[in-house]
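S.K.: input_15.txt is reproduced below (compact mmCIF, C-alpha atoms).
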# COMPACT_ATOMS: atom_id res chain seq x y z
CA MET O 1 186.42 -15.30 25.47
CA THR O 2 185.47 -11.86 24.26
CA ASP O 3 183.03 -12.22 21.41
CA ASN O 4 181.86 -9.03 19.78
CA PRO O 5 180.86 -9.76 16.20
CA THR O 6 180.16 -7.09 13.62
CA GLN O 7 176.58 -6.93 12.35
CA ARG O 8 177.65 -8.77 9.20
CA GLN O 9 179.31 -11.57 11.19
CA ALA O 10 176.32 -11.85 13.53
CA PHE O 11 173.91 -12.00 10.57
CA TRP O 12 175.78 -14.87 8.94
CA ARG O 13 176.09 -16.72 12.23
CA GLY O 14 172.31 -16.48 12.61
CA PHE O 15 171.87 -17.60 9.01
CA LYS O 16 174.02 -20.66 9.69
CA HIS O 17 171.99 -21.54 12.79
CA GLY O 18 168.63 -20.90 11.14
CA TRP O 19 168.76 -22.51 7.71
CA PRO O 20 168.46 -26.18 8.81
CA PHE O 21 164.94 -25.38 10.03
CA ILE O 22 163.74 -25.00 6.45
CA LEU O 23 163.66 -28.82 6.42
CA VAL O 24 160.86 -28.62 9.01
CA VAL O 25 159.16 -25.45 7.84
CA ALA O 26 158.88 -26.27 4.13
CA PRO O 27 156.92 -29.53 4.49
CA PHE O 28 154.69 -28.00 7.17
CA GLY O 29 153.95 -25.12 4.79
CA VAL O 30 152.99 -27.65 2.13
CA VAL O 31 150.68 -29.41 4.59
CA PHE O 32 148.95 -26.13 5.46
CA GLY O 33 148.60 -25.21 1.78
CA VAL O 34 147.00 -28.55 0.91
CA VAL O 35 144.70 -28.56 3.95
CA ALA O 36 143.54 -24.97 3.43
CA THR O 37 142.70 -25.40 -0.25
CA GLU O 38 141.00 -28.74 0.44
CA ALA O 39 138.90 -26.99 3.09
CA GLY O 40 137.68 -24.58 0.42
CA LEU O 41 140.01 -21.57 0.51
CA ASP O 42 141.42 -20.35 -2.80
CA VAL O 43 145.15 -19.98 -3.42
CA LEU O 44 145.10 -16.22 -2.73
CA GLN O 45 143.34 -16.65 0.63
CA THR O 46 145.69 -19.48 1.58
CA MET O 47 148.74 -17.34 0.78
CA ALA O 48 147.28 -14.35 2.63
CA PHE O 49 146.88 -16.58 5.68
CA SER O 50 150.53 -17.67 5.66
CA ILE O 51 151.84 -14.16 4.96
CA ALA O 52 149.64 -12.39 7.51
CA VAL O 53 150.00 -14.91 10.33
CA ILE O 54 153.16 -17.10 9.87
CA ALA O 55 152.04 -19.53 12.58
CA GLY O 56 151.12 -22.98 11.30
CA ALA O 57 149.32 -24.37 14.34
CA ALA O 58 147.07 -21.30 14.72
CA GLN O 59 146.36 -21.27 10.98
CA LEU O 60 145.37 -24.95 11.02
CA THR O 61 143.22 -24.30 14.10
CA ALA O 62 141.36 -21.56 12.25
CA ILE O 63 140.87 -23.79 9.18
CA GLN O 64 139.53 -26.67 11.26
CA MET O 65 137.07 -24.38 13.06
CA MET O 66 136.07 -22.74 9.78
CA THR O 67 135.15 -26.16 8.36
CA ASP O 68 133.15 -26.75 11.58
CA ASN O 69 131.33 -23.46 10.86
CA ALA O 70 132.13 -22.05 14.29
CA PRO O 71 131.29 -18.36 14.94
CA VAL O 72 133.95 -15.90 13.76
CA ALA O 73 134.70 -14.51 17.23
CA ILE O 74 135.27 -17.99 18.64
CA ILE O 75 137.53 -18.91 15.72
CA LEU O 76 139.65 -15.81 16.31
CA VAL O 77 139.85 -16.20 20.08
CA THR O 78 140.74 -19.90 19.92
CA ALA O 79 143.36 -19.50 17.18
CA LEU O 80 144.87 -16.56 19.06
CA ALA O 81 144.92 -18.68 22.22
CA VAL O 82 147.20 -21.08 20.34
CA ASN O 83 149.45 -18.08 19.68
CA LEU O 84 149.51 -16.76 23.26
CA ARG O 85 153.00 -18.25 23.59
CA MET O 86 154.18 -15.49 21.22
CA ALA O 87 153.59 -12.97 24.03
CA MET O 88 155.96 -15.05 26.13
CA TYR O 89 158.56 -14.99 23.33
CA SER O 90 158.11 -11.24 23.05
CA ALA O 91 158.66 -10.82 26.78
CA SER O 92 161.80 -12.94 26.85
CA LEU O 93 163.41 -11.24 23.84
CA THR O 94 162.73 -7.72 25.12
CA PRO O 95 165.82 -7.48 27.38
CA HIS O 96 167.99 -8.19 24.30
CA LEU O 97 166.15 -6.42 21.49
CA GLY O 98 164.04 -3.84 23.32
CA ARG O 99 166.47 -0.97 22.56
CA ALA O 100 166.38 -1.46 18.77
CA PRO O 101 164.58 1.20 16.67
CA VAL O 102 160.83 0.72 16.59
CA TRP O 103 160.71 -0.26 12.89
CA GLN O 104 163.20 -3.04 13.59
CA ARG O 105 161.19 -4.20 16.59
CA ALA O 106 158.04 -4.26 14.44
CA LEU O 107 159.82 -6.38 11.82
CA ILE O 108 161.23 -8.65 14.54
CA ALA O 109 157.71 -9.09 15.91
CA TYR O 110 156.23 -9.89 12.51
CA LEU O 111 158.89 -12.59 11.94
CA MET O 112 158.71 -14.08 15.45
CA VAL O 113 158.15 -17.77 14.71
CA ASP O 114 158.89 -20.60 17.14
CA GLN O 115 162.24 -21.44 15.57
CA ALA O 116 163.41 -17.81 15.46
CA PHE O 117 162.67 -17.45 19.16
CA ALA O 118 164.23 -20.76 20.20
CA VAL O 119 167.49 -20.22 18.28
CA SER O 120 167.92 -16.54 19.21
CA ALA O 121 167.05 -16.94 22.89
CA LEU O 122 169.68 -19.68 23.16
CA GLN O 123 172.32 -17.51 21.46
CA TYR O 124 171.56 -14.40 23.58
CA GLU O 125 171.81 -16.52 26.71
CA LYS O 126 175.29 -17.65 25.66
CA THR O 127 176.46 -14.19 24.57
CA PRO O 128 174.53 -11.59 26.57
CA GLY O 129 177.30 -9.05 25.97
CA TRP O 130 176.64 -8.63 22.24
CA SER O 131 175.58 -5.15 21.15
CA THR O 132 171.90 -4.63 20.29
CA PRO O 133 172.67 -4.19 16.54
CA ALA O 134 174.58 -7.49 16.54
CA LYS O 135 171.70 -9.26 18.29
CA VAL O 136 169.22 -7.78 15.80
CA ALA O 137 171.41 -8.82 12.85
CA TYR O 138 171.69 -12.34 14.27
CA TYR O 139 167.89 -12.57 14.55
CA PHE O 140 167.37 -11.44 10.97
CA GLY O 141 170.00 -13.98 9.90
CA VAL O 142 168.04 -16.76 11.58
CA VAL O 143 164.74 -15.90 9.88
CA THR O 144 166.14 -15.00 6.44
CA LEU O 145 165.31 -18.42 4.99
CA ILE O 146 162.72 -19.68 7.47
CA CYS O 147 159.95 -17.18 6.74
CA PRO O 148 160.24 -17.04 2.92
CA ILE O 149 160.30 -20.85 2.87
CA TRP O 150 157.04 -20.83 4.83
CA TYR O 151 155.42 -18.76 2.06
CA VAL O 152 156.92 -20.92 -0.71
CA GLY O 153 155.88 -24.15 1.02
CA THR O 154 152.34 -22.84 1.44
CA LEU O 155 152.18 -21.85 -2.23
CA ALA O 156 153.41 -25.29 -3.32
CA GLY O 157 150.82 -26.94 -1.08
CA ALA O 158 148.02 -24.66 -2.24
CA VAL O 159 148.77 -25.29 -5.92
CA LEU O 160 149.09 -29.02 -5.22
CA GLY O 161 145.89 -29.06 -3.15
CA ALA O 162 143.95 -27.35 -5.92
CA GLN O 163 145.03 -30.19 -8.28
CA ILE O 164 143.85 -33.01 -5.99
CA PRO O 165 140.46 -34.18 -7.27
CA ASP O 166 137.60 -33.96 -4.78
CA THR O 167 137.11 -37.72 -5.00
CA ILE O 168 140.28 -38.33 -2.97
CA PRO O 169 139.34 -37.75 0.68
CA ILE O 170 142.11 -35.99 2.55
CA GLY O 171 139.86 -34.71 5.32
CA ALA O 172 141.92 -36.70 7.81
CA ALA O 173 144.97 -34.57 6.97
CA ILE O 174 144.09 -31.96 9.63
CA PRO O 175 143.91 -34.35 12.60
CA ILE O 176 147.09 -36.08 11.45
CA ALA O 177 148.93 -32.75 11.13
CA PHE O 178 147.84 -31.74 14.65
CA ILE O 179 148.65 -35.06 16.29
CA ALA O 180 152.07 -34.96 14.64
CA LEU O 181 152.65 -31.56 16.25
CA ILE O 182 151.43 -32.73 19.65
CA GLY O 183 153.71 -35.79 19.97
CA PRO O 184 157.00 -33.88 20.17
CA MET O 185 155.42 -31.41 22.67
CA LEU O 186 154.93 -34.13 25.30
CA ARG O 187 158.35 -33.57 26.85
CA THR O 188 157.44 -33.58 30.54
CA LEU O 189 154.78 -35.01 32.83
CA ALA O 190 153.27 -31.52 33.03
CA HIS O 191 152.87 -31.38 29.23
CA VAL O 192 151.28 -34.85 29.20
CA ALA O 193 148.88 -33.83 31.98
CA ALA O 194 147.91 -30.67 30.06
CA ALA O 195 147.31 -32.65 26.86
CA LEU O 196 145.19 -35.29 28.63
CA THR O 197 143.12 -32.62 30.40
CA SER O 198 142.56 -30.90 27.08
CA VAL O 199 141.37 -34.12 25.39
CA ILE O 200 139.03 -35.20 28.21
CA ALA O 201 137.57 -31.72 28.77
CA ALA O 202 137.08 -31.14 25.03
CA LEU O 203 135.19 -34.45 24.72
CA LEU O 204 133.02 -33.77 27.78
CA LEU O 205 132.32 -30.18 26.68
CA ALA O 206 131.83 -30.95 22.97
CA GLY O 207 128.14 -30.07 23.35
CA LEU O 208 128.71 -26.48 24.52
CA PRO O 209 127.32 -23.88 22.12
CA TYR O 210 129.49 -21.67 19.87
CA SER O 211 132.41 -24.15 20.02
CA LEU O 212 133.17 -22.75 23.47
CA GLY O 213 134.14 -26.20 24.75
CA LEU O 214 137.60 -26.00 23.24
CA LEU O 215 138.36 -22.63 24.86
CA VAL O 216 137.27 -23.88 28.28
CA ALA O 217 139.24 -27.11 27.79
CA GLY O 218 142.32 -25.12 26.78
CA LEU O 219 142.12 -22.90 29.87
CA LEU O 220 141.67 -25.89 32.18
CA ALA O 221 144.59 -27.68 30.52
CA MET O 222 146.87 -24.63 30.91
CA ILE O 223 146.05 -24.49 34.61
CA VAL O 224 146.62 -28.24 35.04
CA GLY O 225 149.92 -28.12 33.11
CA SER O 226 151.39 -25.28 35.15
CA GLY O 227 149.98 -26.77 38.35
CA VAL O 228 151.73 -30.07 37.71
CA GLU O 229 154.94 -28.18 36.90
CA VAL O 230 154.81 -26.38 40.26
CA TRP O 231 153.99 -29.60 42.08
CA LEU O 232 156.91 -31.44 40.43
CA ALA O 233 159.31 -28.60 41.25
CA ARG O 234 158.24 -28.63 44.90
CA ARG O 235 158.68 -32.38 45.14
CA GLN O 236 162.14 -32.00 43.62
CA GLU O 237 163.09 -29.42 46.27
CA GLU O 238 161.85 -31.54 49.16
CA ARG O 239 164.21 -34.36 48.20
CA PRO O 240 167.42 -34.30 50.24
CA MET A 16 132.84 -24.73 4.51
CA THR A 17 129.83 -22.44 4.25
CA LEU A 18 131.53 -19.19 5.25
CA SER A 19 131.15 -16.27 2.87
CA GLN A 20 134.15 -14.66 1.20
CA PRO A 21 134.14 -11.49 3.38
CA ILE A 22 134.02 -13.63 6.52
CA ILE A 23 137.02 -15.68 5.35
CA TRP A 24 138.98 -12.48 4.75
CA LEU A 25 137.87 -11.12 8.11
CA ILE A 26 139.33 -14.22 9.80
CA VAL A 27 142.60 -14.01 7.84
CA ILE A 28 143.11 -10.32 8.62
CA GLY A 29 141.87 -10.55 12.21
CA LEU A 30 144.20 -13.45 12.97
CA GLY A 31 147.08 -11.60 11.31
CA ILE A 32 146.54 -8.43 13.35
CA GLY A 33 145.92 -10.33 16.60
CA THR A 34 149.03 -12.46 16.17
CA PHE A 35 151.15 -9.40 15.42
CA ALA A 36 149.79 -7.72 18.55
CA LEU A 37 150.84 -10.72 20.66
CA ARG A 38 154.32 -10.75 19.11
CA PHE A 39 154.80 -6.99 19.38
CA SER A 40 153.29 -6.70 22.87
CA PHE A 41 156.30 -6.63 25.18
CA LEU A 42 158.91 -5.86 22.57
CA GLY A 43 157.03 -2.87 21.26
CA LEU A 44 154.93 -1.42 23.99
CA LEU A 45 155.19 -2.96 27.39
CA GLY A 46 158.98 -2.67 27.70
CA SER A 47 161.12 -4.98 29.75
CA ARG A 48 159.01 -5.21 32.86
CA PRO A 49 159.11 -8.97 33.42
CA LEU A 50 155.90 -10.99 33.39
CA PRO A 51 155.05 -12.64 36.70
CA ALA A 52 156.29 -16.23 36.90
CA TRP A 53 152.78 -17.69 37.07
CA ALA A 54 151.78 -15.95 33.84
CA LEU A 55 154.87 -17.18 32.00
CA ARG A 56 154.13 -20.67 33.26
CA LEU A 57 150.53 -20.57 32.00
CA LEU A 58 151.58 -19.20 28.60
CA ARG A 59 154.12 -21.99 28.20
CA TYR A 60 151.31 -24.54 28.05
CA THR A 61 149.02 -22.86 25.51
CA PRO A 62 149.87 -24.99 22.44
CA VAL A 63 149.81 -28.31 24.29
CA ALA A 64 146.60 -27.25 26.06
CA VAL A 65 144.64 -26.22 22.96
CA LEU A 66 145.73 -28.52 20.12
CA PRO A 67 144.82 -31.90 21.70
CA GLY A 68 141.35 -30.62 22.55
CA LEU A 69 140.90 -29.36 19.01
CA VAL A 70 141.58 -32.73 17.47
CA ALA A 71 140.06 -35.03 20.13
CA PRO A 72 136.39 -34.81 19.03
CA ARG A 73 137.38 -35.56 15.43
CA VAL A 74 139.22 -38.71 16.53
CA PHE A 75 137.18 -40.04 19.46
CA LEU A 76 133.57 -39.08 18.67
CA PRO A 77 131.56 -40.90 15.97
CA PRO A 78 131.49 -39.05 12.64
CA GLU A 79 128.14 -37.70 11.42
CA GLY A 80 125.74 -40.55 10.72
CA ALA A 81 127.83 -43.17 12.55
CA THR A 82 127.48 -44.64 16.04
CA THR A 83 131.12 -45.60 16.65
CA PRO A 84 134.37 -43.68 16.13
CA ASP A 85 136.19 -44.21 12.84
CA PRO A 86 138.62 -47.13 13.45
CA THR A 87 140.92 -46.05 10.60
CA LEU A 88 141.31 -42.58 12.08
CA LEU A 89 141.81 -43.99 15.59
CA ALA A 90 144.60 -46.31 14.41
CA THR A 91 146.19 -43.54 12.35
CA ALA A 92 146.06 -41.17 15.32
CA LEU A 93 147.74 -43.73 17.55
CA VAL A 94 150.59 -44.36 15.07
CA THR A 95 151.09 -40.63 14.46
CA LEU A 96 151.21 -39.84 18.18
CA ALA A 97 153.56 -42.73 18.96
CA LEU A 98 155.98 -41.73 16.18
CA GLY A 99 155.84 -38.10 17.29
CA VAL A 100 156.67 -38.96 20.89
CA TRP A 101 159.37 -41.41 19.84
CA THR A 102 161.16 -39.41 17.12
CA LYS A 103 160.36 -35.95 18.60
CA ASN A 104 159.95 -34.92 14.96
CA ALA A 105 156.59 -33.71 13.65
CA ILE A 106 157.48 -34.36 10.02
CA TRP A 107 158.27 -38.06 10.58
CA ALA A 108 155.06 -38.35 12.57
CA MET A 109 153.05 -36.73 9.75
CA LEU A 110 154.59 -38.99 7.11
CA SER A 111 153.96 -42.13 9.18
CA GLY A 112 150.38 -40.98 9.81
CA ALA A 113 149.78 -40.37 6.10
CA ALA A 114 151.26 -43.78 5.25
CA THR A 115 149.12 -45.55 7.89
CA LEU A 116 145.97 -43.82 6.68
CA THR A 117 146.68 -44.72 3.05
CA VAL A 118 147.42 -48.38 3.82
CA LEU A 119 144.40 -48.80 6.10
CA THR A 120 142.06 -47.07 3.63
CA LEU A 121 143.26 -49.35 0.81
CA LEU A 122 143.00 -52.48 3.01
CA LEU A 123 139.48 -51.69 4.24
CA ALA A 124 138.16 -50.47 0.90
Show me, as structure tokens, the structure contained in the file I just sent.

M.R.:
Amino acid sequence: MTDNPTQRQAFWRGFKHGWPFILVVAPFGVVFGVVATEAGLDVLQTMAFSIAVIAGAAQLTAIQMMTDNAPVAIILVTALAVNLRMAMYSASLTPHLGRAPVWQRALIAYLMVDQAFAVSALQYEKTPGWSTPAKVAYYFGVVTLICPIWYVGTLAGAVLGAQIPDTIPIGAAIPIAFIALIGPMLRTLAHVAAALTSVIAALLLAGLPYSLGLLVAGLLAMIVGSGVEVWLARRQEERP
Amino acid sequence: MTLSQPIIWLIVIGLGIGTFALRFSFLGLLGSRPLPAWALRLLRYTPVAVLPGLVAPRVFLPPEGATTPDPTLLATALVTLALGVWTKNAIWAMLSGAATLTVLTLLLA
């Protein structure tokens, strides 16, 4: 089947594939807004976070470490470590979008959230023959609702969080939000091994100065996760 | 939180710039030279390697002034994780965690 959509058609196809994700993004934005304001940020700072970063897990990581009064450099390095996967997204989208004008690539990069990558990478794999403008239009279609809804959700959460009286303890909201994110990530044995390594190492290294324990635990867990993946793949190959 | 206002803004802006740099890296500057397979493999595990370690001390270590971990938080964590693994949906897991925490807090109060 030859499939060569116009930019307009590609945009609307992306829009159709992207909009259902607002059901996930909106509540998560609300959670971040509530957690950030409860941690002591004002509404403006909370909004600036969501607009500048658009990455919920890294934002929550920074908030948690800020409430732990970790040093600024460690907060930045650890939160950015959570976002290292974005470099992988960037690398895998480059064959498809790398020839777009630089201002478009900058905008694509700014809007590169997990859902935008997952949906677009799947589409480009199915239809590698699309022109670059069609692929770019598709990408913008996917994120058209997702990113604004992230801002709106954050704003709703921040306003809501500012209304919650201090007597109601919602300090446990951060661990719950994180654990809820971790569950669906445990897709393979390698992911489970990485998560377990991270937990055990973080507990053993909790006494390290400057909150360095988490960084070391994260590095160890990455190595264990990819090691288990390699080991599983080899075992698969050896089977007749 | 005892951080000063300029420090909070420094973190917001620094994280924004750093995240953009990661997203723009290959697309903007490094071109389409592929990353080596081992690097891609390591990067794939960053979220699942960092997030559990971030939350583990909160859940498993005793809170300040206590000698044992908080049983309410432990139970809530277990329910949230189980629902997340089972439904593969973070929102359902969050809602079930919030419900568990509310019920347990009311029961134990």

S.K.: Can you check which residues of chain A have any atom within 6 Å of chain O? Use only C-alpha atoms and format it as a PyMOL selection string.

M.R.: chain A and resi 16+27+31+35+37-39+41-42+47+56-58+60-65+67-68+70-72+95-96+99-100+103+105+108-109

S.K.: What's the separation between CA of Thr6 (chain O) and CA of Gln123 (chain O), in Å to one decimal place?

M.R.: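 Taking CA of Thr6 (chain O) and CA of Gln123 (chain O), their separation equals 15.2 Å.
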
S.K.: One decimal, Å: what's the distance from CA of Ala233 (chain O) over to CA of Ala97 (chain A), could you say?

M.R.: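 Computing it gives 27.0 Å between the two atoms.
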
S.K.: Using Å and a single decimal, report how far CA of Ile146 (chain O) sits from CA of Ile22 (chain O).

M.R.: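 Atom-to-atom, CA of Ile22 (chain O) and CA of Ile146 (chain O) are spaced 5.5 Å apart.
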
S.K.: Quick one: residues within 12 Å of Val119 (chain O), all atoms listed in the file, excluding same-chain residues fewer than 3 positions away - as a PyMOL selection string?

M.R.: chain O and resi 13-21+89+93+112-116+122-126+135+138-143+146

S.K.: How would the residues just chosen look if you wrote them out with C-alpha atoms as a short mmCIF file (atom, residue, chain, number, x, y, z; two decimals), in the coordinates of the input?

M.R.:
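And here's part_12.cif as it stands now:
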data_model
loop_
_atom_site.label_atom_id
_atom_site.label_comp_id
_atom_site.auth_asym_id
_atom_site.auth_seq_id
_atom_site.Cartn_x
_atom_site.Cartn_y
_atom_site.Cartn_z
CA ARG O 13 176.09 -16.72 12.23
CA GLY O 14 172.31 -16.48 12.61
CA PHE O 15 171.87 -17.60 9.01
CA LYS O 16 174.02 -20.66 9.69
CA HIS O 17 171.99 -21.54 12.79
CA GLY O 18 168.63 -20.90 11.14
CA TRP O 19 168.76 -22.51 7.71
CA PRO O 20 168.46 -26.18 8.81
CA PHE O 21 164.94 -25.38 10.03
CA TYR O 89 158.56 -14.99 23.33
CA LEU O 93 163.41 -11.24 23.84
CA MET O 112 158.71 -14.08 15.45
CA VAL O 113 158.15 -17.77 14.71
CA ASP O 114 158.89 -20.60 17.14
CA GLN O 115 162.24 -21.44 15.57
CA ALA O 116 163.41 -17.81 15.46
CA LEU O 122 169.68 -19.68 23.16
CA GLN O 123 172.32 -17.51 21.46
CA TYR O 124 171.56 -14.40 23.58
CA GLU O 125 171.81 -16.52 26.71
CA LYS O 126 175.29 -17.65 25.66
CA LYS O 135 171.70 -9.26 18.29
CA TYR O 138 171.69 -12.34 14.27
CA TYR O 139 167.89 -12.57 14.55
CA PHE O 140 167.37 -11.44 10.97
CA GLY O 141 170.00 -13.98 9.90
CA VAL O 142 168.04 -16.76 11.58
CA VAL O 143 164.74 -15.90 9.88
CA ILE O 146 162.72 -19.68 7.47
#

S.K.: Find the residues near region 87-93 of chain A: any atom within 6 Å, counting all atoms listed in the file, skip ones fewer than 5 places away on the same chain, and give them as a ChimeraX atom specification.

M.R.: /A:74,112,115-116

S.K.: Pick out the closest residue to Ala26 (chain O) from this set: A:Ile106, A:Leu76, A:Ala113, A:Gly29. Count all atoms listed in the file.

M.R.: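 Comparing A:Ile106, A:Leu76, A:Ala113, A:Gly29 against Ala26 (chain O), the winner is A:Ile106.
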
S.K.: Mind filling out region 18-35 of chain A with N, CA and C atoms and sending it as a tab-separated table (two decimals), keeping the file's coordinate frame?

M.R.:
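So out.tsv came out as:
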chain	number	residue	atom	x	y	z
A	18	LEU	N	131.27	-20.60	4.94
A	18	LEU	CA	131.53	-19.19	5.25
A	18	LEU	C	131.60	-18.36	3.98
A	19	SER	N	131.12	-17.14	4.05
A	19	SER	CA	131.15	-16.27	2.87
A	19	SER	C	132.56	-15.71	2.70
A	20	GLN	N	132.82	-15.19	1.50
A	20	GLN	CA	134.15	-14.66	1.20
A	20	GLN	C	134.57	-13.54	2.16
A	21	PRO	N	133.71	-12.55	2.43
A	21	PRO	CA	134.14	-11.49	3.38
A	21	PRO	C	134.48	-12.04	4.76
A	22	ILE	N	133.75	-13.05	5.19
A	22	ILE	CA	134.02	-13.63	6.52
A	22	ILE	C	135.39	-14.31	6.52
A	23	ILE	N	135.71	-15.03	5.44
A	23	ILE	CA	137.02	-15.68	5.35
A	23	ILE	C	138.12	-14.63	5.45
A	24	TRP	N	137.95	-13.53	4.71
A	24	TRP	CA	138.98	-12.48	4.75
A	24	TRP	C	139.05	-11.82	6.12
A	25	LEU	N	137.90	-11.69	6.76
A	25	LEU	CA	137.87	-11.12	8.11
A	25	LEU	C	138.71	-11.99	9.06
A	26	ILE	N	138.57	-13.31	8.92
A	26	ILE	CA	139.33	-14.22	9.80
A	26	ILE	C	140.82	-14.12	9.51
A	27	VAL	N	141.18	-14.09	8.21
A	27	VAL	CA	142.60	-14.01	7.84
A	27	VAL	C	143.22	-12.73	8.41
A	28	ILE	N	142.55	-11.61	8.19
A	28	ILE	CA	143.11	-10.32	8.62
A	28	ILE	C	143.08	-10.19	10.14
A	29	GLY	N	141.98	-10.64	10.75
A	29	GLY	CA	141.87	-10.55	12.21
A	29	GLY	C	142.94	-11.38	12.90
A	30	LEU	N	143.18	-12.59	12.36
A	30	LEU	CA	144.20	-13.45	12.97
A	30	LEU	C	145.59	-12.86	12.76
A	31	GLY	N	145.80	-12.24	11.58
A	31	GLY	CA	147.08	-11.60	11.31
A	31	GLY	C	147.35	-10.46	12.28
A	32	ILE	N	146.37	-9.59	12.46
A	32	ILE	CA	146.54	-8.43	13.35
A	32	ILE	C	146.70	-8.89	14.80
A	33	GLY	N	145.86	-9.85	15.22
A	33	GLY	CA	145.92	-10.33	16.60
A	33	GLY	C	147.26	-10.99	16.91
A	34	THR	N	147.75	-11.79	15.96
A	34	THR	CA	149.03	-12.46	16.17
A	34	THR	C	150.16	-11.45	16.24
A	35	PHE	N	150.11	-10.44	15.36
A	35	PHE	CA	151.15	-9.40	15.42
A	35	PHE	C	151.12	-8.69	16.77
